>>> print(open('input16.cif').read())   # mmCIF, C-alpha atoms and all ligand atoms
data_query
loop_
_atom_site.label_atom_id
_atom_site.label_comp_id
_atom_site.auth_asym_id
_atom_site.auth_seq_id
_atom_site.Cartn_x
_atom_site.Cartn_y
_atom_site.Cartn_z
CA MET V 1 106.07 159.70 135.69
CA SER V 2 107.02 163.37 136.15
CA LYS V 3 104.97 165.82 134.09
CA ASN V 4 107.54 168.60 134.47
CA ILE V 5 108.42 170.29 131.20
CA ILE V 6 111.15 172.92 131.03
CA VAL V 7 110.05 175.78 128.78
CA THR V 8 112.99 178.05 128.00
CA GLY V 9 111.84 181.44 126.72
CA GLY V 10 108.44 180.66 128.24
CA ALA V 11 107.73 184.32 128.99
CA GLY V 12 108.12 185.19 125.30
CA TYR V 13 105.53 185.28 122.55
CA ILE V 14 105.26 181.65 121.40
CA GLY V 15 106.53 180.16 124.67
CA SER V 16 103.83 181.83 126.78
CA HIS V 17 101.05 180.53 124.50
CA THR V 18 102.57 177.08 124.71
CA VAL V 19 102.62 177.19 128.53
CA ILE V 20 98.81 177.51 128.47
CA ASP V 21 98.39 174.47 126.20
CA LEU V 22 100.78 172.46 128.34
CA VAL V 23 98.78 173.21 131.48
CA GLU V 24 95.53 172.40 129.67
CA SER V 25 97.00 169.06 128.62
CA GLY V 26 98.04 168.12 132.17
CA TYR V 27 101.75 168.97 132.00
CA ASN V 28 103.59 171.08 134.56
CA PRO V 29 105.58 173.76 132.72
CA ILE V 30 108.61 175.32 134.40
CA ILE V 31 109.62 178.56 132.69
CA ILE V 32 113.24 179.59 132.34
CA ASP V 33 113.69 183.07 130.92
CA ASN V 34 116.18 185.90 131.30
CA PHE V 35 113.45 188.40 130.35
CA SER V 36 115.73 190.02 127.75
CA ASN V 37 112.74 190.28 125.40
CA SER V 38 109.78 189.79 127.72
CA ASN V 39 108.28 191.12 130.92
CA PHE V 40 107.75 189.38 134.22
CA SER V 41 104.10 190.49 134.14
CA VAL V 42 103.52 187.73 131.54
CA ILE V 43 103.89 185.17 134.32
CA ASN V 44 101.07 186.79 136.32
CA LYS V 45 98.87 186.82 133.22
CA LEU V 46 99.61 183.14 132.58
CA GLU V 47 98.65 182.35 136.17
CA LYS V 48 95.39 184.20 135.64
CA ILE V 49 94.59 182.34 132.40
CA CYS V 50 95.61 178.94 133.80
CA ALA V 51 94.19 179.58 137.29
CA LYS V 52 97.35 177.97 138.63
CA LYS V 53 100.75 178.98 139.99
CA ILE V 54 103.36 178.80 137.23
CA LYS V 55 106.95 178.25 138.30
CA SER V 56 109.41 180.58 136.60
CA LEU V 57 113.14 181.10 137.03
CA ASN V 58 115.12 184.10 135.86
CA ILE V 59 118.16 182.33 134.41
CA ASP V 60 120.15 182.83 131.23
CA CYS V 61 120.21 179.59 129.27
CA THR V 62 123.87 180.05 128.37
CA ASN V 63 124.69 179.75 132.10
CA LYS V 64 125.04 176.02 132.68
CA ASN V 65 126.18 176.34 136.31
CA GLU V 66 123.10 178.26 137.27
CA LEU V 67 120.77 175.88 135.41
CA VAL V 68 122.37 172.87 137.08
CA LYS V 69 122.22 174.50 140.53
CA LYS V 70 118.61 175.71 140.41
CA ILE V 71 116.77 172.82 138.70
CA ASP V 72 116.24 169.20 139.69
CA TRP V 73 116.92 167.79 136.22
CA GLN V 74 116.33 164.20 137.36
CA ASN V 75 112.69 165.10 137.67
CA ILE V 76 112.18 166.60 134.20
CA LEU V 77 110.19 164.83 131.49
CA GLY V 78 111.09 167.08 128.60
CA ILE V 79 112.57 170.36 127.39
CA ILE V 80 111.02 172.81 124.96
CA HIS V 81 113.71 175.25 123.92
CA PHE V 82 112.27 178.55 122.68
CA ALA V 83 114.82 180.94 124.20
CA ALA V 84 116.63 182.82 121.45
CA LEU V 85 117.18 186.23 119.97
CA LYS V 86 115.03 186.46 116.85
CA SER V 87 115.49 189.72 114.98
CA VAL V 88 116.86 189.14 111.48
CA SER V 89 118.01 192.76 111.10
CA GLU V 90 119.62 192.95 114.56
CA SER V 91 121.49 189.73 113.82
CA PHE V 92 123.47 191.50 111.06
CA GLU V 93 124.59 194.17 113.55
CA ASN V 94 125.29 191.76 116.42
CA LYS V 95 126.35 188.54 114.80
CA LYS V 96 128.51 187.41 117.77
CA LYS V 97 125.77 188.13 120.28
CA TYR V 98 123.28 186.12 118.21
CA PHE V 99 125.62 183.17 117.80
CA PHE V 100 126.55 183.13 121.46
CA ASN V 101 123.01 183.48 122.78
CA ASN V 102 121.27 181.11 120.38
CA VAL V 103 123.92 178.46 119.78
CA GLU V 104 125.51 178.37 123.24
CA SER V 105 122.11 178.10 124.96
CA THR V 106 121.25 175.13 122.74
CA ARG V 107 124.62 173.51 123.39
CA VAL V 108 124.14 173.91 127.16
CA LEU V 109 120.64 172.42 127.10
CA ILE V 110 121.76 169.47 124.96
CA ASP V 111 124.60 168.84 127.46
CA ILE V 112 122.16 168.90 130.37
CA ALA V 113 119.68 166.66 128.53
CA GLU V 114 122.43 164.14 127.73
CA GLU V 115 123.89 164.17 131.24
CA ASN V 116 120.47 163.65 132.85
CA LYS V 117 119.07 161.32 130.19
CA ILE V 118 116.20 163.67 129.42
CA GLU V 119 114.81 162.14 126.28
CA ASN V 120 112.12 164.49 125.03
CA PHE V 121 113.40 167.65 123.37
CA VAL V 122 111.52 170.15 121.21
CA PHE V 123 113.40 172.90 119.42
CA SER V 124 112.10 176.14 117.91
CA SER V 125 113.54 176.38 114.45
CA SER V 126 112.45 178.63 111.63
CA CYS V 127 111.68 178.63 107.94
CA THR V 128 114.78 180.85 107.58
CA VAL V 129 116.82 177.61 107.40
CA TYR V 130 115.46 177.08 103.87
CA GLY V 131 117.15 180.30 102.71
CA SER V 132 115.70 181.47 99.42
CA PRO V 133 113.95 178.36 98.06
CA ASP V 134 113.75 177.45 94.35
CA LEU V 135 110.59 175.38 94.72
CA LEU V 136 107.42 176.16 96.67
CA PRO V 137 105.89 175.08 98.94
CA VAL V 138 108.92 173.93 100.92
CA ASN V 139 108.75 170.54 102.59
CA GLU V 140 111.15 169.07 105.15
CA ASN V 141 113.24 167.50 102.38
CA SER V 142 113.70 170.77 100.54
CA GLU V 143 117.31 171.81 100.21
CA LEU V 144 118.58 173.98 103.08
CA LYS V 145 120.11 176.75 101.04
CA LYS V 146 122.43 179.31 102.56
CA ALA V 147 120.58 181.25 105.25
CA LEU V 148 120.11 184.90 104.31
CA SER V 149 120.96 186.19 107.80
CA PRO V 150 123.14 185.36 110.83
CA TYR V 151 119.87 184.63 112.69
CA GLY V 152 119.03 181.96 110.11
CA GLU V 153 122.57 180.57 110.40
CA THR V 154 122.16 180.20 114.18
CA LYS V 155 118.98 178.15 113.66
CA LYS V 156 120.73 175.89 111.15
CA LYS V 157 123.68 175.44 113.52
CA CYS V 158 121.34 174.55 116.44
CA GLU V 159 119.46 172.03 114.28
CA ASP V 160 122.79 170.36 113.45
CA LEU V 161 123.81 170.24 117.13
CA ILE V 162 120.53 168.52 118.03
CA LYS V 163 120.66 166.08 115.10
CA ASN V 164 124.24 165.12 116.06
CA SER V 165 123.51 164.85 119.79
CA LYS V 166 122.80 161.71 121.83
CA ILE V 167 119.23 162.84 122.54
CA LYS V 168 117.06 159.93 121.48
CA LYS V 169 113.82 161.77 120.91
CA PHE V 170 113.47 165.22 119.47
CA HIS V 171 111.20 167.33 117.34
CA ILE V 172 112.66 170.24 115.44
CA LEU V 173 109.72 172.50 114.57
CA ARG V 174 110.32 174.94 111.74
CA TYR V 175 107.82 177.72 112.30
CA PHE V 176 106.73 179.95 109.48
CA ASN V 177 105.14 183.26 110.61
CA PRO V 178 103.27 183.12 113.93
CA ILE V 179 100.79 185.97 114.37
CA GLY V 180 97.82 186.81 116.58
CA ALA V 181 97.31 186.53 120.31
CA HIS V 182 95.59 184.39 122.91
CA LYS V 183 91.80 184.61 122.84
CA SER V 184 91.77 186.11 126.36
CA SER V 185 93.76 189.11 125.00
CA LEU V 186 95.90 188.85 128.15
CA ILE V 187 99.02 187.76 126.30
CA GLY V 188 100.31 188.44 122.79
CA GLU V 189 103.38 189.62 120.92
CA ASN V 190 105.05 192.30 123.01
CA PRO V 191 108.74 192.78 122.12
CA LYS V 192 110.72 195.18 124.31
CA ASN V 193 112.11 197.20 121.40
CA LYS V 194 110.76 198.19 117.98
CA PRO V 195 109.00 195.13 116.54
CA ASN V 196 110.50 193.52 113.45
CA ASN V 197 107.48 191.43 112.60
CA LEU V 198 104.72 192.77 110.37
CA VAL V 199 101.59 192.28 112.49
CA PRO V 200 102.80 194.16 115.61
CA LEU V 201 103.89 197.00 113.30
CA ILE V 202 100.45 197.05 111.62
CA CYS V 203 98.80 197.11 115.07
CA GLN V 204 101.03 199.95 116.25
CA CYS V 205 99.97 201.95 113.17
CA GLY V 206 96.33 201.13 113.83
CA ILE V 207 96.53 202.33 117.42
CA GLY V 208 98.46 205.50 116.49
CA LYS V 209 101.85 204.59 118.02
CA ARG V 210 103.25 204.92 114.47
CA LYS V 211 101.98 207.18 111.73
CA LEU V 212 102.95 205.03 108.78
CA LEU V 213 103.79 201.44 108.10
CA THR V 214 106.81 200.95 105.84
CA ILE V 215 106.54 197.98 103.49
CA TYR V 216 110.05 196.82 102.72
CA GLY V 217 110.11 196.46 98.94
CA ASN V 218 107.42 196.42 96.26
CA ASN V 219 109.52 195.16 93.38
CA TYR V 220 109.85 191.48 94.25
CA SER V 221 108.82 188.90 91.62
CA THR V 222 105.62 188.03 93.48
CA LYS V 223 101.90 188.49 92.76
CA ASP V 224 101.89 192.17 93.83
CA GLY V 225 105.60 192.92 94.28
CA THR V 226 105.63 192.49 98.09
CA CYS V 227 107.11 189.54 99.99
CA VAL V 228 105.01 186.41 100.46
CA ARG V 229 104.87 184.55 103.78
CA ASP V 230 102.96 181.76 105.49
CA TYR V 231 101.15 183.31 108.48
CA ILE V 232 99.73 181.10 111.22
CA HIS V 233 97.89 181.74 114.48
CA VAL V 234 100.29 181.57 117.44
CA SER V 235 97.85 179.34 119.35
CA ASP V 236 98.08 176.77 116.55
CA VAL V 237 101.88 176.95 116.74
CA ALA V 238 101.65 176.44 120.51
CA GLN V 239 99.42 173.40 120.06
CA ALA V 240 102.03 171.78 117.80
CA HIS V 241 104.38 171.52 120.82
CA VAL V 242 101.86 169.54 122.84
CA CYS V 243 101.24 167.27 119.83
CA ALA V 244 105.00 166.77 119.47
CA LEU V 245 105.43 165.89 123.16
CA LYS V 246 102.50 163.47 123.10
CA ASN V 247 103.92 161.85 119.99
CA MET V 248 107.32 161.14 121.45
CA ILE V 249 106.80 160.46 125.14
CA ASP V 250 105.87 156.79 124.78
CA LYS V 251 108.26 156.05 121.91
CA LYS V 252 111.77 154.63 122.15
CA ASN V 253 113.16 156.65 119.28
CA CYS V 254 111.71 159.59 117.46
CA LYS V 255 113.61 162.17 115.47
CA GLU V 256 111.35 164.47 113.51
CA VAL V 257 111.82 167.73 111.65
CA LEU V 258 108.45 169.33 110.91
CA ASN V 259 107.16 172.45 109.19
CA ILE V 260 104.58 174.40 111.18
CA GLY V 261 102.61 176.80 109.02
CA LEU V 262 99.17 177.26 107.48
CA SER V 263 100.46 176.24 104.02
CA LYS V 264 99.15 179.43 102.37
CA GLY V 265 101.30 182.08 100.72
CA ILE V 266 100.00 185.58 101.54
CA SER V 267 101.68 188.79 100.40
CA VAL V 268 102.37 191.69 102.76
CA LEU V 269 99.79 193.80 100.89
CA GLU V 270 97.20 191.02 101.10
CA LEU V 271 97.81 190.72 104.83
CA ILE V 272 97.36 194.46 105.36
CA ASN V 273 94.11 194.39 103.33
CA LEU V 274 92.85 191.43 105.33
CA PHE V 275 93.71 193.22 108.58
CA GLU V 276 91.74 196.28 107.40
CA GLN V 277 88.72 194.18 106.41
CA SER V 278 88.77 191.95 109.49
CA ASN V 279 89.05 194.85 111.93
CA ASN V 280 87.33 197.62 109.98
CA ILE V 281 90.26 199.99 110.29
CA LYS V 282 92.51 201.79 107.80
CA ILE V 283 96.28 201.32 107.88
CA ASN V 284 98.42 203.98 106.21
CA TYR V 285 101.53 202.64 104.54
CA VAL V 286 104.39 203.64 102.27
CA PHE V 287 106.78 201.54 100.24
CA GLY V 288 110.41 201.58 101.33
CA GLU V 289 113.64 199.89 100.32
CA ARG V 290 113.97 196.12 100.51
CA ARG V 291 115.20 194.90 103.92
CA LYS V 292 118.43 192.91 104.21
CA GLY V 293 117.81 189.23 104.99
CA ASP V 294 114.21 189.11 103.70
CA ILE V 295 113.28 186.07 101.63
CA GLN V 296 111.16 186.92 98.57
CA GLU V 297 108.56 184.19 98.93
CA ILE V 298 108.14 181.21 101.22
CA TYR V 299 105.30 179.02 102.36
CA ALA V 300 105.09 175.55 103.77
CA ASP V 301 103.94 172.09 102.95
CA CYS V 302 102.83 170.86 106.40
CA LYS V 303 101.50 167.43 105.50
CA LEU V 304 104.24 165.74 107.51
CA ALA V 305 103.21 167.41 110.79
CA LYS V 306 99.63 166.30 110.17
CA LYS V 307 100.78 162.73 109.55
CA LYS V 308 103.44 162.42 112.26
CA ILE V 309 101.99 164.35 115.21
CA ASN V 310 98.34 164.62 114.19
CA TRP V 311 98.52 168.42 114.27
CA ARG V 312 96.10 170.59 112.36
CA PRO V 313 95.84 174.38 112.54
CA LYS V 314 92.35 175.47 113.61
CA ASN V 315 92.39 179.25 113.12
CA SER V 316 92.15 181.34 109.97
CA ILE V 317 94.51 184.21 109.24
CA SER V 318 91.57 186.59 109.60
CA GLN V 319 90.91 185.26 113.14
CA ALA V 320 94.59 185.74 114.00
CA LEU V 321 94.38 189.37 112.82
CA VAL V 322 91.24 189.99 114.89
CA ASP V 323 92.97 188.52 117.95
CA ALA V 324 96.12 190.57 117.33
CA TRP V 325 94.12 193.78 117.14
CA LYS V 326 92.07 192.96 120.26
CA TRP V 327 95.34 192.31 122.11
CA GLU V 328 96.88 195.57 120.88
CA LYS V 329 93.87 197.57 122.05
CA LYS V 330 93.76 195.87 125.46
CA ASN V 331 97.54 196.03 125.91
CA LYS V 332 97.64 199.72 125.06
CA LEU V 333 94.95 200.51 127.59
CA SER V 334 96.16 198.29 130.44
N1 LIG G 401 108.07 184.77 116.23
C1 LIG G 401 108.49 184.33 115.06
O1 LIG G 401 108.15 184.90 114.02
C2 LIG G 401 109.37 183.10 114.97
C3 LIG G 401 109.47 182.43 113.73
C4 LIG G 401 110.29 181.31 113.65
C5 LIG G 401 111.00 180.88 114.77
N2 LIG G 401 110.89 181.56 115.94
C6 LIG G 401 111.66 181.08 117.10
O2 LIG G 401 110.76 180.75 118.13
C7 LIG G 401 111.34 181.00 119.41
C8 LIG G 401 110.43 181.88 120.22
O3 LIG G 401 110.20 183.09 119.51
P1 LIG G 401 109.28 184.23 120.06
O4 LIG G 401 108.67 184.90 118.91
O5 LIG G 401 108.44 183.71 121.15
O6 LIG G 401 110.39 185.22 120.64
P2 LIG G 401 110.38 186.08 121.99
O7 LIG G 401 111.54 187.01 121.91
O8 LIG G 401 109.04 186.65 122.24
O9 LIG G 401 110.66 184.97 123.10
C9 LIG G 401 111.94 184.47 123.36
C10 LIG G 401 112.11 184.47 124.87
O10 LIG G 401 113.38 183.93 125.17
C11 LIG G 401 114.01 184.74 126.16
N3 LIG G 401 115.45 184.56 125.99
C12 LIG G 401 116.23 184.92 124.94
N4 LIG G 401 117.50 184.53 125.14
C13 LIG G 401 117.53 183.89 126.35
C14 LIG G 401 118.53 183.26 127.11
N5 LIG G 401 119.80 183.21 126.70
N6 LIG G 401 118.21 182.71 128.29
C15 LIG G 401 116.93 182.76 128.76
N7 LIG G 401 115.91 183.34 128.08
C16 LIG G 401 116.22 183.91 126.89
C17 LIG G 401 113.49 186.14 125.92
O11 LIG G 401 113.54 186.96 127.08
C18 LIG G 401 112.05 185.87 125.48
O12 LIG G 401 111.17 185.85 126.60
C19 LIG G 401 112.71 181.59 119.12
O13 LIG G 401 113.65 180.56 119.17
C20 LIG G 401 112.58 182.12 117.70
O14 LIG G 401 113.81 182.16 117.05
C21 LIG G 401 110.08 182.65 116.07
#
>>> encode(input="input16.cif", output="C-alpha cells")
Amino acid sequence: MSKNIIVTGGAGYIGSHTVIDLVESGYNPIIIDNFSNSNFSVINKLEKICAKKIKSLNIDCTNKNELVKKIDWQNILGIIHFAALKSVSESFENKKKYFFNNVESTRVLIDIAEENKIENFVFSSSCTVYGSPDLLPVNENSELKKALSPYGETKKKCEDLIKNSKIKKFHILRYFNPIGAHKSSLIGENPKNKPNNLVPLICQCGIGKRKLLTIYGNNYSTKDGTCVRDYIHVSDVAQAHVCALKNMIDKKNCKEVLNIGLSKGISVLELINLFEQSNNIKINYVFGERRKGDIQEIYADCKLAKKKINWRPKNSISQALVDAWKWEKKNKLS
C-alpha cells in the first residue's frame, strides 16, 4: 500500500510540524504549497529535522489542471488539506480572495479525491465555525452559530462541501489556538506579513521588533476583561493528524468532526503573564479597541478526539511559550 500523503500548505506553520510527525510515523509526505504565506527555506529545515529528502511542489491548490498534471494521484493514500488564508482581519478586507482561495481549493481537492477514489481526507477547520457560543466548553454537537468573520464562513462552507462529498473517510479537525514551535527551534510560526496571532506578536515585542503589544479590548465579560482562548502546542495539533490517519486507513467508513484543543480557557492577560514567567522576560503592552471578528470567549471539550482517535495533548501551555520564544530568538539570529 502506498504511504504517500499529500500535505497541502505543508510549508506553513501547522503543516510543516505535521510533515515531521508523518515522516516519524512511516508516511511519505508530499508537500503542495504556493508559498503565499511561507518560505521555501522551510523545506530545507524539514529535510534537516527528518534527515530525509522531502518532496515539495510549488502549485496553487485552486489550479486543478496543474495538480492533475504534476501528481500521480493513483498512488496517493490520503490528503491533508491545510492550505488556506487564515487572517480574520484580512478576510474582512478581501472577502472574495478568501472565499476563492479557501473554498475553491477545497472544492478542487474534493473533486480530485473523488475522481481518483482517494479515501482518506483530513481537513483543517477552526473553532471560528462555532461563532460566539452560548455554552462553554464547546463540543462537536454545539450549535454552529453565524461565523463572526468571512474567514470563519469559508471554514464552515468547506466543512459542508466535505460532508456532502462522496469521500468515504474524512476527519474535520477544528483547531483552537495552536502556539509554540518545534523542539529543534528550526521551524515555527513565521507569517510573511504582520502576524495576527497573539504569540508571534508577544515574541516580536520580546525581541524588540515591536515596542508595544496592543491587547484588543479589556472590557469583555470575562475573568479579566480580555478575550479567552484555548491555546495548544502546535506539535500536539500536528500529532492529531497522524492519529486521524491511523484511525481511518483500515476502516470502510469514517466521518468524524473533532475539536483539537487543550480544553483550558486562558485569557490574553493570563497568557502574557505566563509567557513572562516561563521565559523570564517583560512584555510591554497597552489596551486598544476591540478587534472586529474576535470571539469573546471560547474553549473546547476534546473528549471526542481522545475517544475516537486516541489523541492526547502532551505539552503544557508554558512549554509551548518556552518553545515559541526559543524559536523567535533563533529565527531572529539566523
Ligand atoms: N494557526 C491557527 O491559529 C489556525 C487555527 C485554526 C485553523 N487553522 C487552519 O489551519 C490551516 C493551516 O494554518 P497555518 O497556521 O499553518 O497557516 P499558514 O499560513 O502558516 O500555512 C498555510 C500554508 O498554505 C499555503 N497556501 C495558502 N493558500 C494556498 C493555495 N491556494 N495553494 C497552495 N498553498 C496555499 C501558504 O503558503 C502556507 O504555507 C489553515 O487552513 C488555517 O485556516 C489555523
>>> residues_near_ligand(input="input16.cif", ligand="ligand LIG 401 (chain G)", cutoff="9 Å", atoms="only C-alpha atoms and all ligand atoms", output="VMD selection string")
chain V and resid 8 to 17 32 to 39 58 to 63 81 to 87 100 to 102 104 to 105 123 to 128 151 to 152 155 173 to 179 188 to 192 196 to 197 234
>>> residues_around(input="input16.cif", residues="region 108-118 of chain V", least_positions_apart="4", cutoff="9 Å", atoms="only C-alpha atoms", output="list in words")
Cys61, Thr62, Asn63, Lys64, Leu67, Val68, Trp73, Gln74, Ile76, Leu77, Gly78, Ile79, His81, Val103, Glu104, Leu161, Ile162, Ser165, Lys166, Ile167 and Lys168 of chain V
>>> atom_distance(input="input16.cif", atom1="CA of Ile272 (chain V)", atom2="CA of Val237 (chain V)")
21.4 Å
>>> closest_residue(input="input16.cif", among="V:Leu148, V:Ile49, V:Val7, V:Lys95", to="Ile80 (chain V)", atoms="all atoms listed in the file")
V:Val7
>>> closest_residue(input="input16.cif", among="V:Cys254, V:Leu144, V:Ala51, V:Ile232", to="Tyr299 (chain V)", atoms="only C-alpha atoms")
V:Ile232
>>> closest_residue(input="input16.cif", among="V:Lys329, V:Gly131, V:Pro150, V:Cys227", to="Asn94 (chain V)", atoms="all atoms listed in the file")
V:Pro150
>>> residues_near_point(input="input16.cif", point="(99.2, 201.2, 113.5)", cutoff="12 Å", atoms="all atoms listed in the file", output="count of residues only")
31
>>> atom_distance(input="input16.cif", atom1="CA of Leu269 (chain V)", atom2="CA of Arg290 (chain V)")
14.4 Å
>>> residues_near_point(input="input16.cif", point="(107.2, 173.7, 98.1)", cutoff="10 Å", atoms="all atoms listed in the file", output="MDAnalysis selection string")
chainID V and resid 133:142 263 298:302
>>> residues_around(input="input16.cif", residues="Lys163 (chain V)", least_positions_apart="3", cutoff="12 Å", atoms="only C-alpha atoms", output="mmCIF file with C-alpha atoms, in the coordinates of the input")
data_model
loop_
_atom_site.group_PDB
_atom_site.id
_atom_site.type_symbol
_atom_site.label_atom_id
_atom_site.label_comp_id
_atom_site.auth_asym_id
_atom_site.auth_seq_id
_atom_site.Cartn_x
_atom_site.Cartn_y
_atom_site.Cartn_z
ATOM 1 C CA THR V 106 121.250 175.130 122.740
ATOM 2 C CA ARG V 107 124.620 173.510 123.390
ATOM 3 C CA ILE V 110 121.760 169.470 124.960
ATOM 4 C CA PHE V 121 113.400 167.650 123.370
ATOM 5 C CA VAL V 122 111.520 170.150 121.210
ATOM 6 C CA PHE V 123 113.400 172.900 119.420
ATOM 7 C CA LYS V 156 120.730 175.890 111.150
ATOM 8 C CA LYS V 157 123.680 175.440 113.520
ATOM 9 C CA CYS V 158 121.340 174.550 116.440
ATOM 10 C CA GLU V 159 119.460 172.030 114.280
ATOM 11 C CA ASP V 160 122.790 170.360 113.450
ATOM 12 C CA LYS V 166 122.800 161.710 121.830
ATOM 13 C CA ILE V 167 119.230 162.840 122.540
ATOM 14 C CA LYS V 168 117.060 159.930 121.480
ATOM 15 C CA LYS V 169 113.820 161.770 120.910
ATOM 16 C CA PHE V 170 113.470 165.220 119.470
ATOM 17 C CA HIS V 171 111.200 167.330 117.340
ATOM 18 C CA ILE V 172 112.660 170.240 115.440
ATOM 19 C CA CYS V 254 111.710 159.590 117.460
ATOM 20 C CA LYS V 255 113.610 162.170 115.470
ATOM 21 C CA GLU V 256 111.350 164.470 113.510
ATOM 22 C CA VAL V 257 111.820 167.730 111.650
#
>>> atom_distance(input="input16.cif", atom1="CA of His233 (chain V)", atom2="CA of Ile6 (chain V)")
23.0 Å
>>> closest_residue(input="input16.cif", among="V:Asn65, V:Thr222, V:Asn44, V:Ser25", to="Glu297 (chain V)", atoms="all atoms listed in the file")
V:Thr222
>>> closest_residue(input="input16.cif", among="V:Glu143, V:Asn279, V:Leu57, V:Asn28", to="Asp323 (chain V)", atoms="all atoms listed in the file")
V:Asn279
>>> build_atoms(input="input16.cif", residues="region 85-106 of chain V", atoms="N, CA and C atoms", output="CSV table (one decimal), keeping the file's coordinate frame")
chain,number,residue,atom,x,y,z
V,85,LEU,N,117.4,184.9,120.5
V,85,LEU,CA,117.2,186.2,120.0
V,85,LEU,C,116.7,186.0,118.5
V,86,LYS,N,115.7,186.8,118.1
V,86,LYS,CA,115.0,186.5,116.8
V,86,LYS,C,114.9,187.5,115.8
V,87,SER,N,115.6,188.7,116.0
V,87,SER,CA,115.5,189.7,115.0
V,87,SER,C,116.5,189.5,113.8
V,88,VAL,N,116.0,189.3,112.6
V,88,VAL,CA,116.9,189.1,111.5
V,88,VAL,C,117.8,190.4,111.3
V,89,SER,N,117.2,191.6,111.4
V,89,SER,CA,118.0,192.8,111.1
V,89,SER,C,119.0,193.0,112.2
V,90,GLU,N,118.7,192.8,113.5
V,90,GLU,CA,119.6,193.0,114.6
V,90,GLU,C,120.8,191.9,114.5
V,91,SER,N,120.5,190.8,113.9
V,91,SER,CA,121.5,189.7,113.8
V,91,SER,C,122.6,190.1,112.9
V,92,PHE,N,122.4,191.0,111.9
V,92,PHE,CA,123.5,191.5,111.1
V,92,PHE,C,124.4,192.4,111.8
V,93,GLU,N,123.8,193.2,112.8
V,93,GLU,CA,124.6,194.2,113.6
V,93,GLU,C,125.3,193.5,114.7
V,94,ASN,N,124.8,192.4,115.2
V,94,ASN,CA,125.3,191.8,116.4
V,94,ASN,C,125.5,190.3,116.2
V,95,LYS,N,126.2,190.0,115.2
V,95,LYS,CA,126.4,188.5,114.8
V,95,LYS,C,126.8,187.7,116.0
V,96,LYS,N,127.9,188.2,116.7
V,96,LYS,CA,128.5,187.4,117.8
V,96,LYS,C,127.5,187.2,118.9
V,97,LYS,N,126.8,188.2,119.2
V,97,LYS,CA,125.8,188.1,120.3
V,97,LYS,C,124.7,187.1,119.9
V,98,TYR,N,124.3,187.1,118.6
V,98,TYR,CA,123.3,186.1,118.2
V,98,TYR,C,123.8,184.7,118.3
V,99,PHE,N,125.1,184.5,117.8
V,99,PHE,CA,125.6,183.2,117.8
V,99,PHE,C,125.8,182.7,119.2
V,100,PHE,N,126.3,183.6,120.1
V,100,PHE,CA,126.6,183.1,121.5
V,100,PHE,C,125.2,182.8,122.1
V,101,ASN,N,124.3,183.7,122.1
V,101,ASN,CA,123.0,183.5,122.8
V,101,ASN,C,122.3,182.2,122.2
V,102,ASN,N,122.1,182.2,120.9
V,102,ASN,CA,121.3,181.1,120.4
V,102,ASN,C,122.0,179.7,120.3
V,103,VAL,N,123.2,179.7,119.9
V,103,VAL,CA,123.9,178.5,119.8
V,103,VAL,C,124.4,177.9,121.1
V,104,GLU,N,125.0,178.8,121.9
V,104,GLU,CA,125.5,178.4,123.2
V,104,GLU,C,124.4,177.9,124.1
V,105,SER,N,123.2,178.6,124.1
V,105,SER,CA,122.1,178.1,125.0
V,105,SER,C,121.7,176.7,124.5
V,106,THR,N,121.7,176.5,123.2
V,106,THR,CA,121.2,175.1,122.7
V,106,THR,C,122.3,174.1,123.1
